[in-house]
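Listing of target39.csv; format and content: CSV, C-alpha atoms.
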chain,number,residue,atom,x,y,z
A,19,MET,CA,-11.3,-43.5,0.4
A,20,ASN,CA,-11.3,-40.7,-2.3
A,21,ALA,CA,-13.6,-38.6,0.0
A,22,ILE,CA,-11.0,-38.9,2.8
A,23,LYS,CA,-8.1,-37.9,0.5
A,24,SER,CA,-10.2,-35.0,-0.8
A,25,ARG,CA,-11.0,-33.8,2.7
A,26,ILE,CA,-7.3,-34.0,3.7
A,27,GLU,CA,-6.3,-32.0,0.7
A,28,ASN,CA,-8.9,-29.4,1.5
A,29,GLU,CA,-7.7,-29.1,5.1
A,30,LYS,CA,-4.1,-28.8,3.9
A,31,GLU,CA,-5.1,-26.0,1.5
A,32,THR,CA,-7.0,-24.2,4.3
A,33,TYR,CA,-4.0,-24.4,6.7
A,34,ARG,CA,-1.7,-23.2,3.9
A,35,ARG,CA,-3.9,-20.1,3.3
A,36,LEU,CA,-4.1,-19.4,7.0
A,37,ILE,CA,-0.3,-19.5,7.3
A,38,ILE,CA,0.1,-17.2,4.4
A,39,GLU,CA,-2.4,-14.7,5.8
A,40,TYR,CA,-0.7,-14.8,9.2
A,41,LEU,CA,2.7,-14.0,7.6
A,42,LEU,CA,1.2,-11.1,5.6
A,43,ILE,CA,-0.4,-9.7,8.7
A,44,LYS,CA,2.8,-10.1,10.7
A,45,ASN,CA,4.8,-8.3,8.0
A,46,ASN,CA,2.2,-5.4,7.8
A,47,MET,CA,2.3,-5.0,11.6
A,48,LYS,CA,6.1,-4.7,11.6
A,49,LYS,CA,5.9,-2.0,9.0
A,50,LEU,CA,3.3,-0.1,10.9
A,51,LEU,CA,5.1,-0.4,14.2
A,52,PHE,CA,8.4,0.8,12.6
A,53,THR,CA,6.6,3.9,11.1
A,54,LEU,CA,4.9,4.7,14.4
A,55,SER,CA,8.2,4.4,16.3
A,56,LEU,CA,9.8,6.8,13.9
A,57,VAL,CA,6.9,9.3,14.4
A,58,LEU,CA,7.2,9.0,18.2
A,59,MET,CA,11.0,9.3,18.1
A,60,SER,CA,10.7,12.5,16.0
A,61,MET,CA,8.2,13.9,18.5
A,62,GLY,CA,10.7,13.4,21.3
A,63,ALA,CA,13.3,15.6,19.6
A,64,PHE,CA,11.3,18.7,20.3
A,65,ALA,CA,10.0,17.8,23.8
A,66,GLN,CA,11.8,20.6,25.6
A,67,THR,CA,9.5,23.4,24.4
A,68,LYS,CA,6.4,21.8,23.0
A,69,THR,CA,3.2,20.3,24.5
A,70,PHE,CA,2.1,16.7,24.7
A,71,GLU,CA,-1.6,15.8,25.1
A,72,VAL,CA,-3.3,12.5,26.2
A,73,GLY,CA,-6.9,11.5,26.5
A,74,GLY,CA,-9.8,9.3,25.8
A,75,LYS,CA,-12.4,9.2,23.0
A,76,LEU,CA,-15.8,7.8,22.1
A,77,ASN,CA,-16.3,6.7,18.5
A,78,TYR,CA,-19.2,6.0,16.2
A,79,GLY,CA,-18.5,4.0,13.0
A,80,THR,CA,-20.8,3.9,10.0
A,81,ASP,CA,-20.3,0.1,9.6
A,82,ALA,CA,-20.9,-2.4,12.4
A,83,PRO,CA,-19.7,-2.6,15.0
A,84,HIS,CA,-20.7,1.0,15.5
A,85,PHE,CA,-19.7,2.2,19.0
A,86,GLY,CA,-16.1,2.2,20.2
A,87,ILE,CA,-13.7,3.6,22.7
A,88,GLY,CA,-10.2,4.8,22.3
A,89,ALA,CA,-7.1,6.5,23.6
A,90,VAL,CA,-5.3,9.4,21.9
A,91,ALA,CA,-1.9,10.9,22.2
A,92,ARG,CA,-0.8,14.2,20.5
A,93,TYR,CA,2.3,16.3,20.2
A,94,ASN,CA,2.2,19.9,19.3
A,95,PHE,CA,5.3,20.8,17.3
A,96,ASP,CA,4.3,24.4,16.9
A,97,GLU,CA,1.0,26.3,16.8
A,98,HIS,CA,0.0,24.6,13.6
A,99,PHE,CA,1.3,21.1,13.2
A,100,ARG,CA,0.2,18.3,15.5
A,101,PRO,CA,0.8,14.5,14.9
A,102,GLU,CA,-1.6,12.2,16.6
A,103,LEU,CA,-1.6,8.5,17.5
A,104,THR,CA,-4.9,6.8,18.3
A,105,MET,CA,-5.9,3.3,19.3
A,106,ASN,CA,-9.6,2.3,19.1
A,107,PHE,CA,-11.6,-0.8,20.0
A,108,TYR,CA,-15.1,-1.5,18.8
A,109,PRO,CA,-16.7,-4.4,20.8
A,110,LYS,CA,-19.4,-6.7,19.4
A,111,ASP,CA,-22.7,-5.0,19.2
A,112,GLY,CA,-25.1,-7.8,18.4
A,113,ASN,CA,-23.6,-8.9,15.1
A,114,ASP,CA,-20.7,-11.2,16.3
A,115,VAL,CA,-18.2,-8.7,14.8
A,116,SER,CA,-15.6,-6.8,16.8
A,117,ALA,CA,-13.0,-4.4,15.4
A,118,TRP,CA,-10.0,-2.3,16.3
A,119,ASP,CA,-7.7,0.3,14.6
A,120,ILE,CA,-4.4,2.1,15.2
A,121,ASN,CA,-4.0,5.4,13.4
A,122,ALA,CA,-1.2,7.9,13.0
A,123,ASN,CA,-2.6,11.2,11.7
A,124,LEU,CA,-1.3,14.7,11.2
A,125,HIS,CA,-3.4,17.8,12.0
A,126,TYR,CA,-2.9,21.3,10.7
A,127,LEU,CA,-4.5,23.8,13.1
A,128,PHE,CA,-6.3,26.9,12.1
A,129,HIS,CA,-6.7,29.2,15.1
A,130,MET,CA,-10.2,30.8,14.8
A,131,THR,CA,-10.1,32.3,18.3
A,132,ASP,CA,-8.0,31.8,21.5
A,133,ARG,CA,-10.2,28.9,22.4
A,134,PHE,CA,-11.5,27.5,19.1
A,135,LYS,CA,-9.5,25.7,16.4
A,136,LEU,CA,-10.4,23.9,13.2
A,137,TYR,CA,-8.1,21.3,11.5
A,138,PRO,CA,-8.0,19.0,8.5
A,139,LEU,CA,-6.4,15.6,9.2
A,140,GLY,CA,-4.8,12.9,7.2
A,141,GLY,CA,-2.8,9.8,8.0
A,142,VAL,CA,-2.4,6.1,7.9
A,143,GLY,CA,-3.9,3.3,9.9
A,144,ILE,CA,-4.2,-0.4,10.4
A,145,MET,CA,-7.7,-1.8,10.8
A,146,GLY,CA,-8.7,-5.2,12.1
A,147,ALA,CA,-12.0,-7.1,12.4
A,148,SER,CA,-13.0,-10.4,13.8
A,149,TYR,CA,-16.1,-12.5,13.3
A,150,ASP,CA,-16.9,-15.2,15.9
A,151,GLY,CA,-20.4,-16.6,15.4
A,152,PRO,CA,-22.5,-19.7,14.6
A,153,ALA,CA,-21.0,-19.9,11.1
A,154,GLY,CA,-17.4,-20.1,12.4
A,155,SER,CA,-14.8,-17.5,13.0
A,156,THR,CA,-12.5,-15.4,10.9
A,157,SER,CA,-10.4,-12.3,11.1
A,158,SER,CA,-8.7,-9.8,8.8
A,159,THR,CA,-6.2,-7.0,9.2
A,160,LYS,CA,-5.7,-4.3,6.5
A,161,LEU,CA,-3.7,-1.1,6.0
A,162,GLY,CA,-5.4,2.0,5.0
A,163,ALA,CA,-5.5,5.8,4.9
A,164,ASN,CA,-7.5,8.4,6.9
A,165,LEU,CA,-8.8,11.7,5.6
A,166,GLY,CA,-11.1,14.1,7.5
A,167,GLY,CA,-11.3,17.1,9.8
A,168,GLY,CA,-12.1,18.2,13.3
A,169,LEU,CA,-12.6,21.1,15.7
A,170,GLN,CA,-11.2,21.8,19.1
A,171,PHE,CA,-12.6,23.8,21.9
A,172,ASN,CA,-10.2,24.7,24.8
A,173,LEU,CA,-12.3,24.2,28.0
A,174,THR,CA,-9.2,25.4,30.0
A,175,ASP,CA,-5.6,25.9,29.1
A,176,LYS,CA,-5.0,22.2,30.0
A,177,LEU,CA,-8.3,20.6,29.0
A,178,HIS,CA,-9.4,20.4,25.3
A,179,LEU,CA,-12.6,19.0,23.8
A,180,ASN,CA,-12.4,17.7,20.2
A,181,ALA,CA,-15.0,16.5,17.7
A,182,GLU,CA,-13.7,14.8,14.5
A,183,THR,CA,-15.0,13.0,11.5
A,184,TYR,CA,-12.9,11.1,9.1
A,185,TYR,CA,-13.1,8.3,6.5
A,186,GLN,CA,-10.9,5.2,6.7
A,187,PHE,CA,-10.0,4.1,3.2
A,188,VAL,CA,-8.9,0.5,2.8
A,189,SER,CA,-8.3,-1.7,-0.2
A,190,ASP,CA,-11.8,-3.2,-0.6
A,191,ASP,CA,-13.8,-1.5,2.1
A,192,GLY,CA,-13.9,1.6,4.2
A,193,ARG,CA,-16.0,3.4,6.8
A,194,GLY,CA,-16.7,6.8,8.2
A,195,VAL,CA,-15.9,7.5,11.9
A,196,MET,CA,-17.2,10.3,14.1
A,197,SER,CA,-15.6,10.8,17.4
A,198,VAL,CA,-15.5,13.1,20.5
A,199,SER,CA,-12.4,13.2,22.6
A,200,LEU,CA,-11.3,14.9,25.8
A,201,VAL,CA,-7.5,15.5,26.2
A,202,TYR,CA,-5.3,16.8,28.9
A,203,VAL,CA,-2.2,18.9,28.1
A,204,LEU,CA,0.8,17.6,30.1
Is it possible to give me this structure as structure tokens?
Amino acid sequence: MNAIKSRIENEKETYRRLIIEYLLIKNNMKKLLFTLSLVLMSMGAFAQTKTFEVGGKLNYGTDAPHFGIGAVARYNFDEHFRPELTMNFYPKDGNDVSAWDINANLHYLFHMTDRFKLYPLGGVGIMGASYDGPAGSTSSTKLGANLGGGLQFNLTDKLHLNAETYYQFVSDDGRGVMSVSLVYVL
């Protein structure tokens, strides 16, 4: 009888922790979506004379899962400042872990030539990971910061090739990400 009561108490505590974790994740997502909406609204204020870029990217992370794909959207305020929004997904690659992230970064462009640009980048992101394997399943979502740099080569006036590397800092973990993206200027 005591074993049954103990098991019930353990299950109650597990459910209580899951509910608290869900509420914390939900609150963090609301904050991130509010921040991202402010960034996107501010980008729309200058849409008459500036350029907007969209494209895809391939990623390599230093921690598993390693390979990922993503989408990128950028807005060029002027010839130096460019906010960027990226969404990436890292499918399972043999270790039962999948991951995703959403990032809002700011680039400061240094024009080396007419076709070649260098830029540092910094920003914020939300990172999530899920484990679903023989030992059970779990997931986590964390807020973090990004810091890195990249280079851009203009293949044409409307098509740009980018290579970036940055580090995603989170509270108890982090990882480096290297990416290649191809964007189209709208």
Nearest residue to Asp111 (chain A) from the set A:Ala147, A:Ala82, A:Leu200, A:Val195 (distances using all atoms listed in the file):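 The closest residue to Asp111 (chain A) is A:Ala82.
Ranking A:Gly141, A:His125, A:Glu102, A:Asp96 by their shortest atom-to-atom distance to Gly73 (chain A), with all atoms listed in the file included, puts A:Glu102 first.
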Residue list as a VMD selection string for point (-7.7, 4.8, 18.1), cut-off 10 Å, all atoms listed in the file: chain A and resid 74 to 77 86 to 91 102 to 108 118 to 122 143 to 145 197
Pick from A:Met196, A:Val188, A:Leu124, A:Met19 nearest to His84 (chain A), counting all atoms listed in the file: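 Checking each of A:Met196, A:Val188, A:Leu124, A:Met19 against His84 (chain A), counting all atoms listed in the file, the winner is A:Met196.
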Point-to-point distance in Å for CA of Gly146 (chain A) and CA of Ser158 (chain A): 5.7 Å
Top pick for closest residue to Asn180 (chain A), considering A:Ala153, A:Leu139, A:Val201, A:Ile37 and counting all atoms listed in the file: A:Val201
Pick from A:Glu31, A:Asp175, A:Glu182, A:Asp132 nearest to Gly79 (chain A), counting all atoms listed in the file: A:Glu182
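Residue nearest Lys68 (chain A) within the list A:Thr183, A:Val203, A:Lys135, A:Ala163: A:Val203 [criterion: smallest interatomic distance, only C-alpha atoms].
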Residues near Gly154 (chain A), cut-off 12 Å, only C-alpha atoms, skip fewer than 5 positions along chain, as a list of chain:residue names: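 Surrounding residues, per the criterion: A:Asp114, A:Val115, A:Ser148, A:Tyr149.
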For CA of Arg133 (chain A) and CA of Leu165 (chain A), the interatomic separation in Å (one decimal):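 Atom-to-atom, CA of Arg133 (chain A) to CA of Leu165 (chain A), that is 24.1 Å.
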